[in-house]
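K.L.:
The following file, protein_3.cif, comprises mmCIF, C-alpha atoms:
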data_entry
#
loop_
_atom_site.label_atom_id
_atom_site.label_comp_id
_atom_site.auth_asym_id
_atom_site.auth_seq_id
_atom_site.Cartn_x
_atom_site.Cartn_y
_atom_site.Cartn_z
CA MET A 1 40.66 16.92 -7.30
CA VAL A 2 39.92 15.45 -10.75
CA THR A 3 39.83 18.22 -13.34
CA GLU A 4 37.93 17.94 -16.62
CA GLU A 5 41.29 17.83 -18.43
CA GLN A 6 42.41 14.88 -16.30
CA ALA A 7 39.03 13.24 -16.89
CA GLN A 8 39.63 13.48 -20.65
CA THR A 9 42.87 11.48 -20.43
CA LEU A 10 41.29 9.03 -18.00
CA LEU A 11 38.47 8.48 -20.45
CA GLN A 12 40.85 8.23 -23.40
CA ILE A 13 42.57 5.30 -21.72
CA LEU A 14 39.32 3.81 -20.44
CA ASP A 15 37.77 3.94 -23.92
CA LEU A 16 40.72 2.05 -25.38
CA VAL A 17 40.30 -0.68 -22.78
CA ARG A 18 36.50 -0.92 -22.88
CA THR A 19 36.40 -1.05 -26.69
CA GLY A 20 39.13 -3.71 -26.79
CA SER A 21 41.54 -1.46 -28.71
CA ALA A 22 44.14 -1.94 -25.98
CA VAL A 23 44.29 -5.00 -23.72
CA THR A 24 47.74 -4.50 -22.15
CA ARG A 25 49.87 -1.61 -20.89
CA PRO A 26 52.17 -1.81 -23.96
CA ASP A 27 49.04 -1.60 -26.13
CA LEU A 28 48.10 1.63 -24.39
CA VAL A 29 51.54 3.10 -25.07
CA ARG A 30 51.25 2.24 -28.77
CA THR A 31 47.67 3.40 -29.29
CA SER A 32 47.10 6.35 -26.95
CA GLU A 33 49.94 8.71 -28.00
CA LEU A 34 50.31 9.58 -24.31
CA GLY A 35 53.55 9.37 -22.37
CA ARG A 36 54.34 6.27 -20.33
CA ALA A 37 54.23 8.21 -17.06
CA VAL A 38 50.79 9.66 -17.83
CA ILE A 39 49.48 6.27 -18.89
CA ALA A 40 50.81 4.61 -15.74
CA GLN A 41 49.31 7.30 -13.50
CA ARG A 42 45.90 7.34 -15.18
CA LEU A 43 45.73 3.55 -15.35
CA GLU A 44 46.39 3.30 -11.62
CA GLN A 45 43.58 5.80 -11.05
CA LEU A 46 41.21 3.71 -13.16
CA ILE A 47 42.21 0.57 -11.29
CA ALA A 48 41.66 2.37 -7.96
CA LEU A 49 38.21 3.43 -9.21
CA ASP A 50 37.56 -0.25 -10.01
CA LEU A 51 36.76 0.59 -13.63
CA VAL A 52 39.73 -1.37 -14.98
CA VAL A 53 40.95 -4.68 -13.60
CA GLU A 54 44.14 -6.57 -14.38
CA GLY A 55 43.60 -10.13 -15.48
CA ASP A 56 45.77 -13.09 -16.42
CA VAL A 57 49.30 -12.85 -17.79
CA LEU A 58 49.13 -12.91 -21.58
CA ALA A 59 51.54 -14.93 -23.69
CA VAL A 60 53.61 -12.83 -26.13
CA PRO A 61 56.20 -13.90 -28.74
CA ARG A 62 59.10 -12.19 -26.98
CA GLY A 63 59.87 -10.04 -23.95
CA ARG A 64 58.12 -9.84 -20.62
CA SER A 65 54.55 -11.17 -20.61
CA PRO A 66 52.11 -8.38 -19.62
CA ARG A 67 48.91 -8.72 -17.66
CA GLY A 68 45.68 -8.26 -19.56
CA LEU A 69 43.48 -5.25 -18.88
CA GLN A 70 39.70 -5.50 -18.74
CA PHE A 71 36.89 -2.98 -18.38
CA ASN A 72 34.85 -3.76 -15.27
CA LYS A 73 31.43 -3.55 -16.90
CA THR A 74 29.66 -4.54 -13.67
CA ARG A 75 31.09 -1.58 -11.75
CA GLY A 76 27.72 0.07 -12.27
CA TYR A 77 24.39 -0.37 -14.03
CA VAL A 78 21.86 1.82 -15.80
CA LEU A 79 18.10 1.51 -15.97
CA ALA A 80 16.56 1.94 -19.42
CA ALA A 81 13.03 2.44 -20.73
CA ASP A 82 11.71 2.57 -24.29
CA ILE A 83 8.23 4.07 -24.03
CA GLY A 84 6.13 3.61 -27.17
CA ALA A 85 2.63 4.64 -28.17
CA GLN A 86 1.02 1.35 -27.10
CA GLY A 87 3.66 -0.38 -24.98
CA MET A 88 7.06 -0.11 -23.36
CA PHE A 89 10.26 -2.08 -22.88
CA VAL A 90 11.96 -1.64 -19.52
CA GLY A 91 15.34 -3.06 -18.58
CA LEU A 92 18.69 -2.97 -16.82
CA SER A 93 22.08 -2.71 -18.54
CA ASP A 94 25.68 -3.07 -17.43
CA LEU A 95 28.20 -0.36 -18.30
CA ALA A 96 29.12 -2.12 -21.55
CA GLY A 97 25.53 -1.82 -22.77
CA GLY A 98 24.65 -5.47 -22.21
CA ILE A 99 20.97 -5.85 -21.32
CA VAL A 100 20.72 -8.10 -18.25
CA GLU A 101 16.97 -7.63 -17.58
CA ARG A 102 14.25 -6.89 -20.16
CA VAL A 103 10.46 -6.74 -19.78
CA TYR A 104 7.67 -5.70 -22.17
CA LEU A 105 4.53 -4.05 -20.81
CA PRO A 106 1.45 -3.09 -22.87
CA HIS A 107 0.57 0.52 -22.08
CA ASP A 108 -1.15 3.48 -23.75
CA VAL A 109 1.14 6.52 -23.54
CA GLY A 110 -1.99 8.65 -24.00
CA SER A 111 -2.95 7.84 -20.40
CA GLY A 112 -0.60 10.67 -19.41
CA PRO A 113 2.78 11.10 -17.71
CA ASP A 114 1.70 10.36 -14.14
CA GLU A 115 0.14 7.01 -14.98
CA THR A 116 2.92 6.06 -17.42
CA LEU A 117 5.75 6.89 -15.04
CA LYS A 118 3.95 4.98 -12.30
CA VAL A 119 4.17 1.89 -14.52
CA VAL A 120 7.82 2.58 -15.40
CA THR A 121 8.96 3.11 -11.81
CA ALA A 122 7.07 0.06 -10.57
CA GLU A 123 8.95 -2.09 -13.10
CA PHE A 124 12.25 -0.35 -12.32
CA ASP A 125 11.71 -1.15 -8.64
CA THR A 126 10.93 -4.79 -9.43
CA ILE A 127 14.09 -5.12 -11.52
CA LEU A 128 16.29 -3.60 -8.82
CA GLN A 129 14.75 -5.78 -6.12
CA LYS A 130 15.44 -8.89 -8.20
CA ARG A 131 19.11 -7.90 -8.46
CA GLU A 132 19.67 -7.06 -4.79
CA ASP A 133 21.89 -10.11 -4.30
CA PHE A 134 24.24 -8.80 -7.01
CA ASN A 135 24.87 -5.50 -5.18
CA VAL A 136 23.73 -3.40 -8.14
CA GLN A 137 25.11 0.14 -8.12
CA LEU A 138 22.80 2.32 -10.17
CA TRP A 139 24.65 5.00 -12.15
CA GLY A 140 21.98 6.53 -14.34
CA ILE A 141 18.76 6.16 -16.31
CA GLY A 142 18.10 6.47 -20.05
CA VAL A 143 14.58 6.91 -21.44
CA GLY A 144 13.14 7.12 -24.95
CA ILE A 145 9.67 8.63 -25.55
CA PRO A 146 7.58 8.85 -28.75
CA GLY A 147 7.64 12.60 -29.26
CA PRO A 148 9.90 15.64 -29.78
CA VAL A 149 12.30 16.13 -26.86
CA GLU A 150 14.33 19.21 -25.97
CA PHE A 151 17.46 17.27 -25.04
CA ALA A 152 18.96 19.91 -22.75
CA THR A 153 15.94 19.81 -20.40
CA GLY A 154 14.67 16.29 -21.10
CA ARG A 155 11.14 17.60 -21.65
CA ALA A 156 8.72 16.69 -24.41
CA VAL A 157 7.57 19.70 -26.43
CA SER A 158 4.07 19.54 -27.94
CA PRO A 159 4.19 15.78 -28.68
CA PRO A 160 1.29 14.99 -31.08
CA ILE A 161 0.47 11.54 -29.66
CA MET A 162 1.21 12.28 -25.98
CA PRO A 163 -1.55 14.44 -24.48
CA GLY A 164 -0.56 15.94 -21.15
CA TRP A 165 3.18 15.33 -21.61
CA SER A 166 4.27 18.70 -23.01
CA GLU A 167 6.87 20.30 -20.70
CA PHE A 168 6.30 17.62 -18.05
CA ASP A 169 9.43 17.19 -15.89
CA ILE A 170 10.12 13.50 -16.52
CA ARG A 171 13.76 13.90 -15.51
CA GLY A 172 12.86 15.55 -12.22
CA VAL A 173 10.42 12.79 -11.25
CA LEU A 174 12.92 9.99 -11.91
CA GLN A 175 15.94 11.78 -10.42
CA GLU A 176 14.06 12.51 -7.21
CA ARG A 177 13.00 8.87 -6.90
CA TYR A 178 16.30 7.16 -7.73
CA GLY A 179 18.93 9.79 -6.88
CA VAL A 180 20.86 9.35 -10.14
CA PRO A 181 21.07 11.41 -13.34
CA VAL A 182 18.45 10.83 -16.03
CA TRP A 183 18.71 11.42 -19.77
CA ILE A 184 15.69 11.49 -22.08
CA ASP A 185 15.50 11.49 -25.86
CA ASN A 186 13.13 10.81 -28.73
CA ASP A 187 12.43 7.10 -29.23
CA VAL A 188 13.82 7.13 -32.79
CA ASN A 189 17.08 8.67 -31.61
CA VAL A 190 17.56 5.92 -29.03
CA MET A 191 16.64 3.35 -31.68
CA ALA A 192 19.40 4.78 -33.87
CA LEU A 193 21.86 4.63 -30.97
CA GLY A 194 21.00 0.98 -30.38
CA GLU A 195 21.65 0.07 -34.00
CA LEU A 196 24.89 2.09 -33.98
CA ARG A 197 26.24 0.35 -30.88
CA VAL A 198 25.22 -3.28 -31.39
CA GLY A 199 23.06 -3.49 -34.50
CA ALA A 200 23.25 -3.13 -38.27
CA ALA A 201 24.85 0.33 -38.14
CA VAL A 202 28.05 -0.84 -36.40
CA GLY A 203 30.99 0.43 -38.47
CA HIS A 204 28.94 3.02 -40.38
CA ARG A 205 29.47 6.75 -39.96
CA ASP A 206 26.47 8.31 -41.74
CA VAL A 207 23.16 6.58 -41.15
CA VAL A 208 19.43 7.29 -41.24
CA VAL A 209 17.29 5.06 -39.00
CA VAL A 210 13.55 5.36 -39.72
CA LYS A 211 10.80 4.22 -37.38
CA LEU A 212 7.54 3.43 -39.19
CA SER A 213 4.90 2.82 -36.57
CA THR A 214 1.92 4.77 -35.23
CA GLY A 215 3.95 7.81 -36.26
CA ILE A 216 7.03 8.27 -38.43
CA GLY A 217 10.42 9.65 -37.41
CA ALA A 218 14.11 9.33 -38.13
CA GLY A 219 17.33 9.21 -36.14
CA LEU A 220 20.38 10.71 -37.87
CA ILE A 221 23.93 9.49 -37.32
CA SER A 222 26.49 11.97 -38.71
CA ASN A 223 30.18 11.07 -38.71
CA GLY A 224 29.53 8.39 -36.13
CA VAL A 225 27.65 10.67 -33.71
CA LEU A 226 23.92 11.08 -33.12
CA HIS A 227 22.81 14.39 -34.65
CA ARG A 228 20.06 16.05 -32.60
CA GLY A 229 20.13 19.55 -34.03
CA ALA A 230 20.02 22.82 -32.07
CA GLN A 231 17.11 21.90 -29.80
CA GLY A 232 16.82 18.16 -30.36
CA ALA A 233 14.23 18.20 -33.15
CA ALA A 234 16.41 16.88 -36.00
CA GLY A 235 15.02 13.93 -37.94
CA ASP A 236 11.30 14.57 -37.48
CA ILE A 237 10.51 13.55 -41.06
CA GLY A 238 6.94 12.58 -40.17
CA HIS A 239 5.98 16.22 -40.54
CA VAL A 240 7.51 16.82 -43.93
CA THR A 241 4.76 17.92 -46.32
CA VAL A 242 4.04 15.26 -48.98
CA GLY A 243 0.46 16.12 -49.98
CA ASP A 244 -1.56 19.23 -50.77
CA ASP A 245 -5.01 18.01 -49.71
CA PRO A 246 -6.18 20.60 -47.12
CA THR A 247 -8.52 18.02 -45.56
CA THR A 248 -5.69 15.65 -44.58
CA LEU A 249 -5.13 16.95 -41.07
CA CYS A 250 -2.16 15.70 -39.09
CA ARG A 251 -2.18 15.35 -35.32
CA CYS A 252 0.44 18.10 -35.21
CA GLY A 253 -2.19 20.54 -36.54
CA ASN A 254 -0.79 20.92 -40.05
CA THR A 255 -2.04 19.32 -43.25
CA GLY A 256 -0.39 17.00 -45.76
CA CYS A 257 2.28 15.61 -43.38
CA LEU A 258 3.97 12.30 -44.24
CA GLU A 259 2.75 10.85 -40.93
CA ALA A 260 -0.85 11.90 -41.68
CA LEU A 261 -0.76 9.95 -44.95
CA ALA A 262 1.67 7.08 -44.40
CA GLY A 263 1.90 6.47 -40.64
CA GLY A 264 0.20 3.57 -38.88
CA TRP A 265 -2.38 5.85 -37.27
CA ALA A 266 -3.38 7.24 -40.68
CA LEU A 267 -3.53 3.78 -42.26
CA SER A 268 -5.78 2.44 -39.51
CA GLN A 269 -8.11 5.44 -39.88
CA ARG A 270 -8.35 4.95 -43.64
CA GLY A 271 -8.71 1.19 -43.19
CA ALA A 272 -11.66 1.72 -40.85
CA GLU A 273 -13.38 3.93 -43.43
CA LEU A 274 -12.91 1.36 -46.21
CA ALA A 275 -14.01 -1.50 -43.95
CA ALA A 276 -17.19 0.38 -43.05
CA GLY A 277 -17.83 0.82 -46.79
CA GLY A 278 -17.64 -2.93 -47.35
CA GLU A 279 -14.37 -2.87 -49.31
CA SER A 280 -12.41 -5.07 -46.91
CA PRO A 281 -14.15 -8.05 -45.25
CA PHE A 282 -10.89 -8.82 -43.42
CA LEU A 283 -10.73 -5.40 -41.74
CA ALA A 284 -14.49 -5.30 -41.21
CA GLU A 285 -14.33 -8.55 -39.25
CA ARG A 286 -11.54 -7.18 -37.06
CA ALA A 287 -13.36 -3.89 -36.57
CA GLU A 288 -16.25 -5.79 -34.98
CA HIS A 289 -14.01 -6.71 -32.04
CA HIS A 290 -11.89 -3.61 -31.52
CA ARG A 291 -10.90 -0.28 -32.97
CA LEU A 292 -8.58 -0.88 -35.92
CA ALA A 293 -4.89 -0.29 -35.24
CA THR A 294 -1.61 -0.42 -37.15
CA ALA A 295 -1.24 -4.13 -36.39
CA ASP A 296 -4.53 -4.87 -38.20
CA ILE A 297 -3.39 -3.20 -41.42
CA VAL A 298 -0.07 -5.04 -41.22
CA ALA A 299 -1.84 -8.35 -40.61
CA GLY A 300 -4.19 -7.65 -43.49
CA ALA A 301 -1.32 -6.99 -45.89
CA ALA A 302 0.46 -10.15 -44.74
CA SER A 303 -2.70 -12.20 -45.39
CA GLY A 304 -3.25 -10.70 -48.84
CA ASP A 305 -6.19 -8.42 -48.04
CA ARG A 306 -6.39 -6.13 -51.09
CA VAL A 307 -7.25 -2.94 -49.18
CA SER A 308 -4.45 -3.46 -46.67
CA VAL A 309 -1.93 -4.21 -49.43
CA VAL A 310 -2.87 -1.00 -51.27
CA LEU A 311 -2.63 1.07 -48.07
CA MET A 312 0.80 -0.36 -47.25
CA ARG A 313 2.05 0.12 -50.82
CA GLU A 314 0.98 3.78 -50.85
CA SER A 315 2.63 4.31 -47.47
CA ALA A 316 5.89 2.79 -48.76
CA ARG A 317 5.74 4.99 -51.86
CA LEU A 318 5.41 8.18 -49.81
CA VAL A 319 8.18 7.09 -47.43
CA GLY A 320 10.43 6.27 -50.39
CA ASP A 321 9.79 9.69 -51.96
CA THR A 322 10.72 11.40 -48.69
CA LEU A 323 13.84 9.31 -48.16
CA ALA A 324 15.02 10.00 -51.71
CA ARG A 325 15.11 13.71 -50.83
CA ILE A 326 17.04 12.93 -47.66
CA VAL A 327 19.54 10.78 -49.59
CA ASN A 328 20.21 13.61 -52.05
CA PHE A 329 20.60 16.10 -49.21
CA TYR A 330 22.41 14.01 -46.60
CA ASN A 331 24.16 11.21 -48.54
CA PRO A 332 24.07 8.41 -45.91
CA SER A 333 25.79 5.07 -46.44
CA LEU A 334 22.98 3.18 -44.71
CA ILE A 335 19.23 3.54 -44.23
CA LEU A 336 17.57 1.24 -41.71
CA LEU A 337 13.81 0.80 -41.50
CA GLY A 338 12.10 -0.41 -38.34
CA GLY A 339 8.79 -0.22 -36.52
CA ARG A 340 5.47 -2.01 -36.77
CA LEU A 341 4.93 -1.33 -40.49
CA MET A 342 8.02 -3.42 -41.27
CA ILE A 343 6.55 -6.59 -39.74
CA ALA A 344 4.39 -7.29 -42.80
CA GLY A 345 7.29 -8.69 -44.83
CA ASP A 346 9.72 -7.54 -47.48
CA ALA A 347 7.24 -5.93 -49.90
CA TYR A 348 7.30 -2.61 -48.02
CA LEU A 349 11.10 -2.57 -47.94
CA ALA A 350 11.32 -3.45 -51.65
CA THR A 351 9.01 -0.58 -52.61
CA VAL A 352 11.02 1.92 -50.56
CA ARG A 353 14.27 0.65 -52.08
CA ASN A 354 13.01 0.92 -55.65
CA ILE A 355 11.82 4.49 -55.20
CA VAL A 356 14.93 5.70 -53.36
CA TYR A 357 17.33 4.16 -55.89
CA SER A 358 15.35 5.48 -58.86
CA ARG A 359 14.83 9.03 -57.55
CA SER A 360 18.19 9.78 -55.94
CA LEU A 361 21.41 10.92 -57.55
CA PRO A 362 23.61 8.04 -58.80
CA LEU A 363 26.59 9.16 -56.72
CA ALA A 364 24.47 9.30 -53.53
CA THR A 365 23.23 5.73 -54.04
CA ARG A 366 26.45 4.17 -55.37
CA GLU A 367 27.18 2.41 -52.05
CA LEU A 368 23.90 3.05 -50.24
CA VAL A 369 22.42 0.09 -48.38
CA ILE A 370 18.73 0.08 -47.42
CA ALA A 371 17.76 -2.64 -44.97
CA LYS A 372 15.70 -3.49 -41.90
CA VAL A 373 16.97 -2.74 -38.41
CA ALA A 374 18.90 -5.72 -37.06
CA LEU A 375 17.65 -5.54 -33.48
CA GLY A 376 13.95 -5.17 -34.19
CA GLU A 377 11.98 -4.04 -31.15
CA ARG A 378 15.08 -4.43 -28.96
CA ALA A 379 16.92 -1.55 -30.66
CA ALA A 380 15.44 1.30 -28.65
CA LEU A 381 16.06 -0.35 -25.26
CA HIS A 382 19.71 -0.89 -26.19
CA GLY A 383 19.78 2.72 -27.33
CA ALA A 384 18.24 4.06 -24.12
CA ALA A 385 20.98 2.28 -22.17
CA ALA A 386 23.63 3.62 -24.59
CA LEU A 387 22.20 7.12 -24.14
CA ALA A 388 22.91 7.03 -20.40
CA ILE A 389 26.29 5.30 -20.78
CA ASP A 390 27.49 7.83 -23.38
CA GLU A 391 26.62 10.70 -21.07
CA ILE A 392 28.17 9.02 -18.02
CA PHE A 393 31.48 8.73 -19.86
CA ARG A 394 31.67 12.38 -20.92
CA PRO A 395 34.47 14.40 -19.26
CA SER A 396 32.27 16.89 -17.36
CA TYR A 397 30.11 14.18 -15.77
CA PHE A 398 32.93 11.70 -15.29
CA ALA A 399 35.13 14.26 -13.51
CA THR A 400 32.37 14.79 -10.94
CA TRP A 401 31.94 11.06 -10.45
CA ALA A 402 35.66 10.30 -10.20
CA GLU A 403 36.25 13.12 -7.71
CA GLY A 404 33.96 11.62 -5.07
CA ASN A 405 33.82 8.06 -6.43
CA ARG A 406 30.05 8.32 -6.30
CA VAL A 407 27.23 9.03 -8.69
CA PRO A 408 26.03 12.67 -8.76
CA ALA A 409 22.35 12.89 -7.87
CA VAL A 410 21.46 15.28 -10.72
CA ILE A 411 22.91 16.64 -13.95
#
Before we go any further, please render this structure as structure tokens.
P.N.:
Amino acid sequence: MVTEEQAQTLLQILDLVRTGSAVTRPDLVRTSELGRAVIAQRLEQLIALDLVVEGDVLAVPRGRSPRGLQFNKTRGYVLAADIGAQGMFVGLSDLAGGIVERVYLPHDVGSGPDETLKVVTAEFDTILQKREDFNVQLWGIGVGIPGPVEFATGRAVSPPIMPGWSEFDIRGVLQERYGVPVWIDNDVNVMALGELRVGAAVGHRDVVVVKLSTGIGAGLISNGVLHRGAQGAAGDIGHVTVGDDPTTLCRCGNTGCLEALAGGWALSQRGAELAAGGESPFLAERAEHHRLATADIVAGAASGDRVSVVLMRESARLVGDTLARIVNFYNPSLILLGGRLMIAGDAYLATVRNIVYSRSLPLATRELVIAKVALGERAALHGAAALAIDEIFRPSYFATWAEGNRVPAVI
């Protein structure tokens, strides 16, 4: 029987190997602070579980040459999905977080959970069928969705842009189909995890990752760990009040929200009004072919359309004001901006920077870096994979897996 306490020491050793902190048995003795006997026993267990493999003999200056230790990242795989408002990325990752399959599919999340999950599972099935020759062992699934998620249950709770999704059992549908555990989180949280693991936030401990797209949200990294809050609602800055106009109604039902004034949905609505009034020939021409969207405002700003530039500048000002408050309250070392509104160029970023640096306390901004996400649209898919991998390698889950050397069907 593998107890949770034994799982903790197994994972302590495994983490040292899979992060490259220890590549030999002597390294483990020096870095783990565990006794040689415990290290030897746990390492043999990890080798028996095929999670650690011994490689070539390594050359050392003196003494007996040890064999190298490697994490077997292909021991299992996780499926990942980043579901956005108007499209989704779906992929497959090894246990080290390396994306080995990645597909983008246009899709309106407003079509509802049944239709959306039908698209997701069809692509999951295609990916797994393509990898049949590689004997893929599926260990788990990580999913990001564009709305508030109660992390303990994996259910969306009153998501403003996801009609029909509230309290829908996404986890239950996917676990029943694939027989492996499923973890679900807000899309901005998984975006933050992606940047923390392999993006611009590597090496930082306190980070704010902001997604500026159809809506606006933030993922918070505190002391190197994703901060979700008591129910999973931390970071929902899109619904911070930034205006007092009672006619500016947000999709959440309140008025004056940041998202209702600065988000892509709000900008496209305002752009449509101004185009209809003859103030923007660029947007009016686009509106003849389709309903204006965030991408049209971004394209307009990039081409120099005056109305689009003004809309983007006002959005950046409001976002900067909000982030200045967060900087004074939270004191991050890094703020990363991503999402569709960041595609227009560096003008948006420059405006946010100027406002944050000018309206925050000098001590809070002394070493603060404000930049774009490094991974772009890939961040959230990496994060969805990291979400599942992080949970797989927690003691309570890992003890269950190691006991039977098989993946538990549910969590």
K.L.:
Using the chain letters and numbers from this file, what does the PyMOL selection byres ((chain A and resi 383-387) around 8) select? Give the answer as a list in words.
P.N.:
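This file gives the following for the PyMOL selection byres ((chain A and resi 383-387) around 8): Val78, Leu79, Ala80, Ala81, Asp82, Leu92, Ser93, Gly97, Ile141, Gly142, Val143, Gly144, Trp183, Asn189, Val190, Met191, Ala192, Leu193, Gly194, Glu195, Arg197, Ala379, Ala380, Leu381, His382, Ala388, Ile389, Asp390 and Glu391 of chain A.
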K.L.:
Using only C-alpha atoms, please write the residues we just selected to a file, as a PDB file, keeping the file's coordinate frame.
P.N.:
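Dumped everything to part-v8.pdb:
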ATOM      1  CA  VAL A  78      21.860   1.820 -15.800  1.00  0.00           C
ATOM      2  CA  LEU A  79      18.100   1.510 -15.970  1.00  0.00           C
ATOM      3  CA  ALA A  80      16.560   1.940 -19.420  1.00  0.00           C
ATOM      4  CA  ALA A  81      13.030   2.440 -20.730  1.00  0.00           C
ATOM      5  CA  ASP A  82      11.710   2.570 -24.290  1.00  0.00           C
ATOM      6  CA  LEU A  92      18.690  -2.970 -16.820  1.00  0.00           C
ATOM      7  CA  SER A  93      22.080  -2.710 -18.540  1.00  0.00           C
ATOM      8  CA  GLY A  97      25.530  -1.820 -22.770  1.00  0.00           C
ATOM      9  CA  ILE A 141      18.760   6.160 -16.310  1.00  0.00           C
ATOM     10  CA  GLY A 142      18.100   6.470 -20.050  1.00  0.00           C
ATOM     11  CA  VAL A 143      14.580   6.910 -21.440  1.00  0.00           C
ATOM     12  CA  GLY A 144      13.140   7.120 -24.950  1.00  0.00           C
ATOM     13  CA  TRP A 183      18.710  11.420 -19.770  1.00  0.00           C
ATOM     14  CA  ASN A 189      17.080   8.670 -31.610  1.00  0.00           C
ATOM     15  CA  VAL A 190      17.560   5.920 -29.030  1.00  0.00           C
ATOM     16  CA  MET A 191      16.640   3.350 -31.680  1.00  0.00           C
ATOM     17  CA  ALA A 192      19.400   4.780 -33.870  1.00  0.00           C
ATOM     18  CA  LEU A 193      21.860   4.630 -30.970  1.00  0.00           C
ATOM     19  CA  GLY A 194      21.000   0.980 -30.380  1.00  0.00           C
ATOM     20  CA  GLU A 195      21.650   0.070 -34.000  1.00  0.00           C
ATOM     21  CA  ARG A 197      26.240   0.350 -30.880  1.00  0.00           C
ATOM     22  CA  ALA A 379      16.920  -1.550 -30.660  1.00  0.00           C
ATOM     23  CA  ALA A 380      15.440   1.300 -28.650  1.00  0.00           C
ATOM     24  CA  LEU A 381      16.060  -0.350 -25.260  1.00  0.00           C
ATOM     25  CA  HIS A 382      19.710  -0.890 -26.190  1.00  0.00           C
ATOM     26  CA  ALA A 388      22.910   7.030 -20.400  1.00  0.00           C
ATOM     27  CA  ILE A 389      26.290   5.300 -20.780  1.00  0.00           C
ATOM     28  CA  ASP A 390      27.490   7.830 -23.380  1.00  0.00           C
ATOM     29  CA  GLU A 391      26.620  10.700 -21.070  1.00  0.00           C
TER      30      GLU A 391
END
K.L.:
Adding 6 Å on each side of the box along x, y and z that holds all listed atoms of stretch 340-350 of chain A, could you give its centre and edge lengths in Å to one decimal, as lines of an AutoDock Vina configuration file?
P.N.:
center_x = 7.9
center_y = -5.0
center_z = -44.2
size_x = 18.9
size_y = 19.4
size_z = 26.9
K.L.:
Compile the contact shell of A:Ala40 as a count of residues only: residues with an atom at most 12 Å away, counting only C-alpha atoms, same-chain residues fewer than 2 positions apart removed.
P.N.:
20
K.L.:
For A:Asp125, which residue out of A:Ile184, A:Ala233, A:Val319, A:Leu138 is the nearest one, using only C-alpha atoms?
P.N.:
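Result for the nearest residue to A:Asp125: A:Leu138.
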K.L.:
Extract, using all atoms listed in the file, all DNA, RNA and protein residues at most 7 Å from stretch 285-296 of chain A, discarding same-chain residues fewer than 4 positions from it, and format them as number ranges by chain.
P.N.:
A: 214, 264-265, 267-268, 272, 281, 300
K.L.:
Some atoms are missing, so please complete stretch 273-286 of chain A with N, CA and C atoms and return it as a JSON list (two decimals), keeping the file's coordinate frame.
P.N.:
[["chain", "number", "residue", "atom", "x", "y", "z"],
["A", 273, "GLU", "N", -12.42, 3.34, -42.49],
["A", 273, "GLU", "CA", -13.38, 3.93, -43.43],
["A", 273, "GLU", "C", -13.72, 2.94, -44.55],
["A", 274, "LEU", "N", -12.69, 2.30, -45.11],
["A", 274, "LEU", "CA", -12.91, 1.36, -46.21],
["A", 274, "LEU", "C", -13.62, 0.09, -45.73],
["A", 275, "ALA", "N", -13.33, -0.33, -44.51],
["A", 275, "ALA", "CA", -14.01, -1.50, -43.95],
["A", 275, "ALA", "C", -15.49, -1.20, -43.75],
["A", 276, "ALA", "N", -15.79, -0.01, -43.26],
["A", 276, "ALA", "CA", -17.19, 0.38, -43.05],
["A", 276, "ALA", "C", -17.95, 0.46, -44.38],
["A", 277, "GLY", "N", -17.21, 0.75, -45.47],
["A", 277, "GLY", "CA", -17.83, 0.82, -46.79],
["A", 277, "GLY", "C", -17.92, -0.52, -47.48],
["A", 278, "GLY", "N", -17.52, -1.59, -46.80],
["A", 278, "GLY", "CA", -17.64, -2.93, -47.35],
["A", 278, "GLY", "C", -16.54, -3.33, -48.30],
["A", 279, "GLU", "N", -15.44, -2.57, -48.35],
["A", 279, "GLU", "CA", -14.37, -2.87, -49.31],
["A", 279, "GLU", "C", -13.33, -3.85, -48.78],
["A", 280, "SER", "N", -13.37, -4.12, -47.48],
["A", 280, "SER", "CA", -12.41, -5.07, -46.91],
["A", 280, "SER", "C", -13.09, -5.94, -45.85],
["A", 281, "PRO", "N", -13.55, -7.13, -46.23],
["A", 281, "PRO", "CA", -14.15, -8.05, -45.25],
["A", 281, "PRO", "C", -13.19, -8.39, -44.11],
["A", 282, "PHE", "N", -11.89, -8.49, -44.44],
["A", 282, "PHE", "CA", -10.89, -8.82, -43.42],
["A", 282, "PHE", "C", -10.87, -7.76, -42.32],
["A", 283, "LEU", "N", -10.77, -6.49, -42.72],
["A", 283, "LEU", "CA", -10.73, -5.40, -41.74],
["A", 283, "LEU", "C", -12.08, -5.20, -41.06],
["A", 284, "ALA", "N", -13.16, -5.44, -41.80],
["A", 284, "ALA", "CA", -14.49, -5.30, -41.21],
["A", 284, "ALA", "C", -14.69, -6.30, -40.08],
["A", 285, "GLU", "N", -14.21, -7.53, -40.29],
["A", 285, "GLU", "CA", -14.33, -8.55, -39.25],
["A", 285, "GLU", "C", -13.54, -8.16, -38.00],
["A", 286, "ARG", "N", -12.36, -7.61, -38.21],
["A", 286, "ARG", "CA", -11.54, -7.18, -37.06],
["A", 286, "ARG", "C", -12.17, -5.97, -36.36]]
